[in-house]
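This is work05.pdb (PDB, C-alpha atoms).
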```pdb
MODEL        1
ATOM      1  CA  MET K   1     120.535  79.796  98.410
ATOM      2  CA  ILE K   2     120.857  83.226  96.842
ATOM      3  CA  LEU K   3     122.257  85.926  99.133
ATOM      4  CA  SER K   4     121.595  89.456  98.008
ATOM      5  CA  ALA K   5     121.425  92.664  99.995
ATOM      6  CA  ARG K   6     122.020  96.328  99.705
ATOM      7  CA  TRP K   7     125.573  95.756 100.863
ATOM      8  CA  SER K   8     126.564  99.423 100.664
ATOM      9  CA  ILE K   9     124.058 100.430 103.360
ATOM     10  CA  LEU K  10     125.214  97.619 105.621
ATOM     11  CA  PHE K  11     128.884  98.472 105.262
ATOM     12  CA  GLU K  12     128.853 102.244 104.787
ATOM     13  CA  GLU K  13     125.915 103.135 107.066
ATOM     14  CA  GLU K  14     124.892 106.195 105.054
ATOM     15  CA  ARG K  15     122.536 107.049 102.228
ATOM     16  CA  PHE K  16     123.925 107.374  98.717
ATOM     17  CA  ASP K  17     125.138 110.603  97.098
ATOM     18  CA  ASN K  18     126.196 110.081  93.484
ATOM     19  CA  GLY K  19     128.234 113.297  93.403
ATOM     20  CA  GLU K  20     126.210 114.533  90.423
ATOM     21  CA  GLY K  21     123.136 115.892  92.201
ATOM     22  CA  GLY K  22     121.437 112.602  93.006
ATOM     23  CA  VAL K  23     121.172 112.221  96.766
ATOM     24  CA  GLU K  24     119.101 109.464  98.305
ATOM     25  CA  ARG K  25     116.335 110.657 100.629
ATOM     26  CA  GLY K  26     115.946 109.476 104.193
ATOM     27  CA  ALA K  27     117.793 109.439 107.485
ATOM     28  CA  ARG K  28     121.527 109.882 107.037
ATOM     29  CA  ARG K  29     122.711 106.976 109.199
ATOM     30  CA  ILE K  30     121.017 103.651 108.673
ATOM     31  CA  VAL K  31     122.902 100.898 110.485
ATOM     32  CA  PRO K  32     123.950 101.466 114.115
ATOM     33  CA  HIS K  33     127.576 100.293 114.071
ATOM     34  CA  ASP K  34     130.920 101.927 113.427
ATOM     35  CA  ASP K  35     132.968  99.097 111.956
ATOM     36  CA  PRO K  36     132.334  97.462 108.569
ATOM     37  CA  HIS K  37     134.216  94.415 109.854
ATOM     38  CA  VAL K  38     131.320  93.694 112.241
ATOM     39  CA  VAL K  39     128.972  93.145 109.304
ATOM     40  CA  GLY K  40     131.747  91.373 107.400
ATOM     41  CA  GLY K  41     132.232  88.910 110.253
ATOM     42  CA  LEU K  42     128.514  88.168 110.424
ATOM     43  CA  LEU K  43     128.377  87.703 106.659
ATOM     44  CA  ARG K  44     131.412  85.421 106.701
ATOM     45  CA  GLU K  45     129.901  83.329 109.500
ATOM     46  CA  THR K  46     126.581  83.020 107.661
ATOM     47  CA  VAL K  47     128.147  81.999 104.351
ATOM     48  CA  HIS K  48     130.527  79.512 105.983
ATOM     49  CA  ARG K  49     127.670  77.902 107.933
ATOM     50  CA  LEU K  50     125.626  77.534 104.760
ATOM     51  CA  LEU K  51     128.573  76.001 102.909
ATOM     52  CA  GLU K  52     129.389  73.666 105.816
ATOM     53  CA  ALA K  53     125.763  72.516 105.738
ATOM     54  CA  GLY K  54     126.245  71.523 102.087
ATOM     55  CA  ARG K  55     124.228  74.400 100.646
ATOM     56  CA  ARG K  56     125.041  75.941  97.322
ATOM     57  CA  VAL K  57     125.343  79.695  97.683
ATOM     58  CA  VAL K  58     125.009  82.365  95.014
ATOM     59  CA  LEU K  59     126.423  85.592  96.392
ATOM     60  CA  VAL K  60     125.048  88.633  94.567
ATOM     61  CA  TYR K  61     127.439  91.554  94.832
ATOM     62  CA  PRO K  62     126.243  95.187  95.117
ATOM     63  CA  VAL K  63     123.827  96.593  92.574
ATOM     64  CA  PRO K  64     124.960 100.117  91.630
ATOM     65  CA  GLU K  65     122.881 102.770  93.364
ATOM     66  CA  VAL K  66     121.651 105.666  91.253
ATOM     67  CA  GLY K  67     120.786 108.528  93.609
ATOM     68  CA  TRP K  68     117.790 109.613  91.555
ATOM     69  CA  ASN K  69     114.426 107.890  91.384
ATOM     70  CA  VAL K  70     114.986 106.551  87.875
ATOM     71  CA  PRO K  71     111.370 106.390  86.576
ATOM     72  CA  GLU K  72     110.636 109.891  87.950
ATOM     73  CA  TYR K  73     113.861 111.270  86.488
ATOM     74  CA  LEU K  74     113.126 109.815  83.055
ATOM     75  CA  LEU K  75     109.517 111.053  83.178
ATOM     76  CA  ARG K  76     110.600 114.585  84.083
ATOM     77  CA  THR K  77     113.221 114.765  81.355
ATOM     78  CA  HIS K  78     110.615 113.554  78.859
ATOM     79  CA  GLN K  79     107.915 115.953  80.126
ATOM     80  CA  PHE K  80     110.234 118.935  79.882
ATOM     81  CA  GLY K  81     111.648 117.895  76.516
ATOM     82  CA  VAL K  82     115.197 117.528  77.781
ATOM     83  CA  LYS K  83     117.396 116.055  75.066
ATOM     84  CA  ARG K  84     119.770 113.417  76.365
ATOM     85  CA  ASP K  85     122.640 112.050  74.320
ATOM     86  CA  ALA K  86     123.260 109.060  76.583
ATOM     87  CA  PRO K  87     121.327 106.835  78.973
ATOM     88  CA  LEU K  88     120.893 107.918  82.585
ATOM     89  CA  SER K  89     123.998 106.731  84.393
ATOM     90  CA  THR K  90     126.289 107.290  87.346
ATOM     91  CA  SER K  91     130.033 107.081  87.829
ATOM     92  CA  HIS K  92     131.543 103.608  88.027
ATOM     93  CA  ALA K  93     134.385 105.075  90.109
ATOM     94  CA  VAL K  94     131.841 106.409  92.640
ATOM     95  CA  PHE K  95     130.238 102.951  92.760
ATOM     96  CA  LEU K  96     133.619 101.318  93.424
ATOM     97  CA  GLU K  97     134.525 103.798  96.163
ATOM     98  CA  ARG K  98     131.080 103.603  97.785
ATOM     99  CA  ASN K  99     131.277  99.795  97.852
ATOM    100  CA  ARG K 100     134.966  99.475  98.723
ATOM    101  CA  HIS K 101     134.358  97.868 102.122
ATOM    102  CA  ALA K 102     131.555  95.655 100.836
ATOM    103  CA  LEU K 103     133.670  94.405  97.932
ATOM    104  CA  GLU K 104     136.629  93.721 100.241
ATOM    105  CA  GLN K 105     134.449  91.696 102.607
ATOM    106  CA  LEU K 106     132.663  89.786  99.830
ATOM    107  CA  ASP K 107     135.929  89.033  98.026
ATOM    108  CA  GLY K 108     137.463  87.964 101.341
ATOM    109  CA  LEU K 109     135.043  85.062 101.745
ATOM    110  CA  GLY K 110     137.447  82.822  99.854
ATOM    111  CA  GLU K 111     136.736  80.224  97.216
ATOM    112  CA  HIS K 112     134.516  77.180  97.601
ATOM    113  CA  PRO K 113     133.068  74.770  95.005
ATOM    114  CA  ASN K 114     129.560  75.562  96.287
ATOM    115  CA  LEU K 115     129.994  79.343  96.126
ATOM    116  CA  ILE K 116     129.211  81.410  93.049
ATOM    117  CA  ARG K 117     129.733  85.156  92.853
ATOM    118  CA  VAL K 118     127.522  87.291  90.613
ATOM    119  CA  ARG K 119     128.533  90.898  90.061
ATOM    120  CA  PRO K 120     125.646  93.077  88.794
ATOM    121  CA  ALA K 121     128.101  95.893  88.071
ATOM    122  CA  GLU K 122     129.558  93.756  85.280
ATOM    123  CA  MET K 123     126.246  93.986  83.411
ATOM    124  CA  LEU K 124     125.478  97.622  84.285
ATOM    125  CA  CYS K 125     128.857  99.369  84.315
ATOM    126  CA  ASP K 126     131.287 100.228  81.520
ATOM    127  CA  ARG K 127     128.831  99.184  78.841
ATOM    128  CA  PRO K 128     127.578 100.829  76.825
ATOM    129  CA  LEU K 129     129.257 103.818  78.495
ATOM    130  CA  ALA K 130     132.877 103.597  79.627
ATOM    131  CA  GLY K 131     133.266 104.603  83.262
ATOM    132  CA  ARG K 132     129.514 104.743  83.857
ATOM    133  CA  CYS K 133     126.810 102.493  85.348
ATOM    134  CA  VAL K 134     123.577 102.672  83.353
ATOM    135  CA  ALA K 135     120.161 102.977  84.975
ATOM    136  CA  GLU K 136     118.123 102.493  81.815
ATOM    137  CA  MET K 137     118.237 100.412  78.671
ATOM    138  CA  ASP K 138     116.723 101.552  75.383
ATOM    139  CA  GLY K 139     114.859 104.291  77.249
ATOM    140  CA  ARG K 140     113.363 101.847  79.747
ATOM    141  CA  PRO K 141     114.278 102.160  83.425
ATOM    142  CA  LEU K 142     116.118  99.271  85.068
ATOM    143  CA  TYR K 143     115.215 100.501  88.571
ATOM    144  CA  TYR K 144     111.867 101.199  90.207
ATOM    145  CA  ASP K 145     113.387 103.842  92.474
ATOM    146  CA  ASP K 146     116.950 104.983  93.194
ATOM    147  CA  ASP K 147     118.473 101.656  94.225
ATOM    148  CA  HIS K 148     116.091  98.717  93.613
ATOM    149  CA  LEU K 149     116.009  96.930  90.268
ATOM    150  CA  ASN K 150     112.571  96.767  88.669
ATOM    151  CA  SER K 151     111.217  93.725  86.832
ATOM    152  CA  LEU K 152     113.351  94.441  83.742
ATOM    153  CA  GLY K 153     116.545  94.979  85.743
ATOM    154  CA  ALA K 154     115.807  91.968  87.952
ATOM    155  CA  ALA K 155     115.130  89.789  84.899
ATOM    156  CA  LEU K 156     118.510  90.755  83.433
ATOM    157  CA  LEU K 157     120.203  89.943  86.740
ATOM    158  CA  ALA K 158     118.295  86.655  87.007
ATOM    159  CA  GLU K 159     119.626  85.668  83.568
ATOM    160  CA  VAL K 160     123.176  86.226  84.835
ATOM    161  CA  VAL K 161     122.474  84.172  87.977
ATOM    162  CA  VAL K 162     120.955  81.303  85.980
ATOM    163  CA  GLU K 163     123.854  81.329  83.512
ATOM    164  CA  ALA K 164     126.370  81.209  86.378
ATOM    165  CA  MET K 165     124.500  78.281  87.936
ATOM    166  CA  ARG K 166     124.414  76.449  84.593
ATOM    167  CA  HIS K 167     128.115  77.090  84.100
ATOM    168  CA  GLU K 168     128.803  75.381  87.456
ATOM    169  CA  GLY K 169     126.504  72.470  86.578
ATOM    170  CA  TRP K 170     123.975  73.378  89.244
ATOM    171  CA  MET K 171     121.138  73.368  86.704
TER     172      MET K 171
ENDMDL
END
```
Do you think you could lay out the structure here as structure tokens?
Amino acid sequence: MILSARWSILFEEERFDNGEGGVERGARRIVPHDDPHVVGGLLRETVHRLLEAGRRVVLVYPVPEVGWNVPEYLLRTHQFGVKRDAPLSTSHAVFLERNRHALEQLDGLGEHPNLIRVRPAEMLCDRPLAGRCVAEMDGRPLYYDDDHLNSLGAALLAEVVVEAMRHEGWM
């Protein structure tokens, strides 16, 4: 069982603002609750029930949000001849702060031999740019909008998931 969600929306309730001009469109408040521990308790209960039932669980941590529609952003910069010295990216510190509650709740699930944690930020943040989370690779977008990985980004994440499962002897 692979559990993946846009954890930041569930725990923070609000759309993403990257602090650099990229603000996610849509209604400000998404989830109608005031306490991230409510979602954390439901998540904990779900994961523990799966583990108690003998399921193997891959828990996919938050994917960094971008704030800009990545393909549109890259197209516009290309159309207008904007020279960029580095890939499109956002602050890793902003990602960590935005996902603080989600990371606390996910980390708080404890250890279990049938639980694997995969952290997409480890593949997208601090490489190749220190302190940044990249949204493109070799000029190709990794997202199909501002927060969903496209086929390239998802394939890279799938490789990490498969490798983690192999490492645990699940494959």
Suppose a student applies the PyMOL selection byres ((chain K and resi 135-144) around 8) to this structure; what residues should they get, written as an mmCIF file with C-alpha atoms, in the coordinates of the input?
```
data_model
loop_
_atom_site.group_PDB
_atom_site.id
_atom_site.type_symbol
_atom_site.label_atom_id
_atom_site.label_comp_id
_atom_site.auth_asym_id
_atom_site.auth_seq_id
_atom_site.Cartn_x
_atom_site.Cartn_y
_atom_site.Cartn_z
ATOM 1 C CA VAL K 66 121.651 105.666 91.253
ATOM 2 C CA ASN K 69 114.426 107.890 91.384
ATOM 3 C CA VAL K 70 114.986 106.551 87.875
ATOM 4 C CA PRO K 71 111.370 106.390 86.576
ATOM 5 C CA LEU K 74 113.126 109.815 83.055
ATOM 6 C CA PRO K 87 121.327 106.835 78.973
ATOM 7 C CA LEU K 88 120.893 107.918 82.585
ATOM 8 C CA SER K 89 123.998 106.731 84.393
ATOM 9 C CA THR K 90 126.289 107.290 87.346
ATOM 10 C CA LEU K 124 125.478 97.622 84.285
ATOM 11 C CA CYS K 133 126.810 102.493 85.348
ATOM 12 C CA VAL K 134 123.577 102.672 83.353
ATOM 13 C CA ASP K 145 113.387 103.842 92.474
ATOM 14 C CA ASP K 146 116.950 104.983 93.194
ATOM 15 C CA ASP K 147 118.473 101.656 94.225
ATOM 16 C CA HIS K 148 116.091 98.717 93.613
ATOM 17 C CA LEU K 149 116.009 96.930 90.268
ATOM 18 C CA ASN K 150 112.571 96.767 88.669
ATOM 19 C CA SER K 151 111.217 93.725 86.832
ATOM 20 C CA LEU K 152 113.351 94.441 83.742
ATOM 21 C CA GLY K 153 116.545 94.979 85.743
ATOM 22 C CA ALA K 154 115.807 91.968 87.952
#
```
### Message
Running the PyMOL selection byres ((chain K and resi 106-119) around 6) on this model by hand, what would come out? Give it as JSON, numbers by chain.
### Response
{"K": [56, 57, 58, 59, 60, 61, 103, 104, 105, 120, 121, 122]}
### Query
Which residue gives the smallest distance to Asn18 of chain K among K:Arg100, K:His92, K:His167, K:Arg55, with all atoms listed in the file counted?
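Closest residue, counting all atoms listed in the file: K:His92.
In this comparison, which uses all atoms listed in the file, the residue of K:Glu72, K:Glu163, K:Asp85, K:Glu65 approaching Arg15 of chain K most closely is K:Glu65.
Pairwise distance (atom CA of Asn99 of chain K, atom CA of Ser8 of chain K) equals 5.5 Å.
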### Query
Of the candidates K:Gly22, K:Ile9, K:Gly40, K:Met123, which shows the shortest atom-to-atom distance to Tyr73 of chain K, using only C-alpha atoms?
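Looking at the shortest contact to Tyr73 of chain K, the residue is K:Gly22.
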### Task
Work out how far apart atom CA of Phe95 of chain K and atom CA of Gly67 of chain K are and give it in Å to one decimal.
11.0 Å
### Task
Would you mind telling me which residue in K:Ala86, K:Leu129, K:Leu10, K:Val162 lies nearest to Val38 of chain K when using all atoms listed in the file?
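Smallest distance to Val38 of chain K is found for K:Leu10.
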### Task
Take atom CA of Glu13 of chain K and atom CA of Glu97 of chain K and report the distance between them in Å, one decimal.
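Atom-to-atom, atom CA of Glu13 of chain K and atom CA of Glu97 of chain K are spaced 13.9 Å apart.
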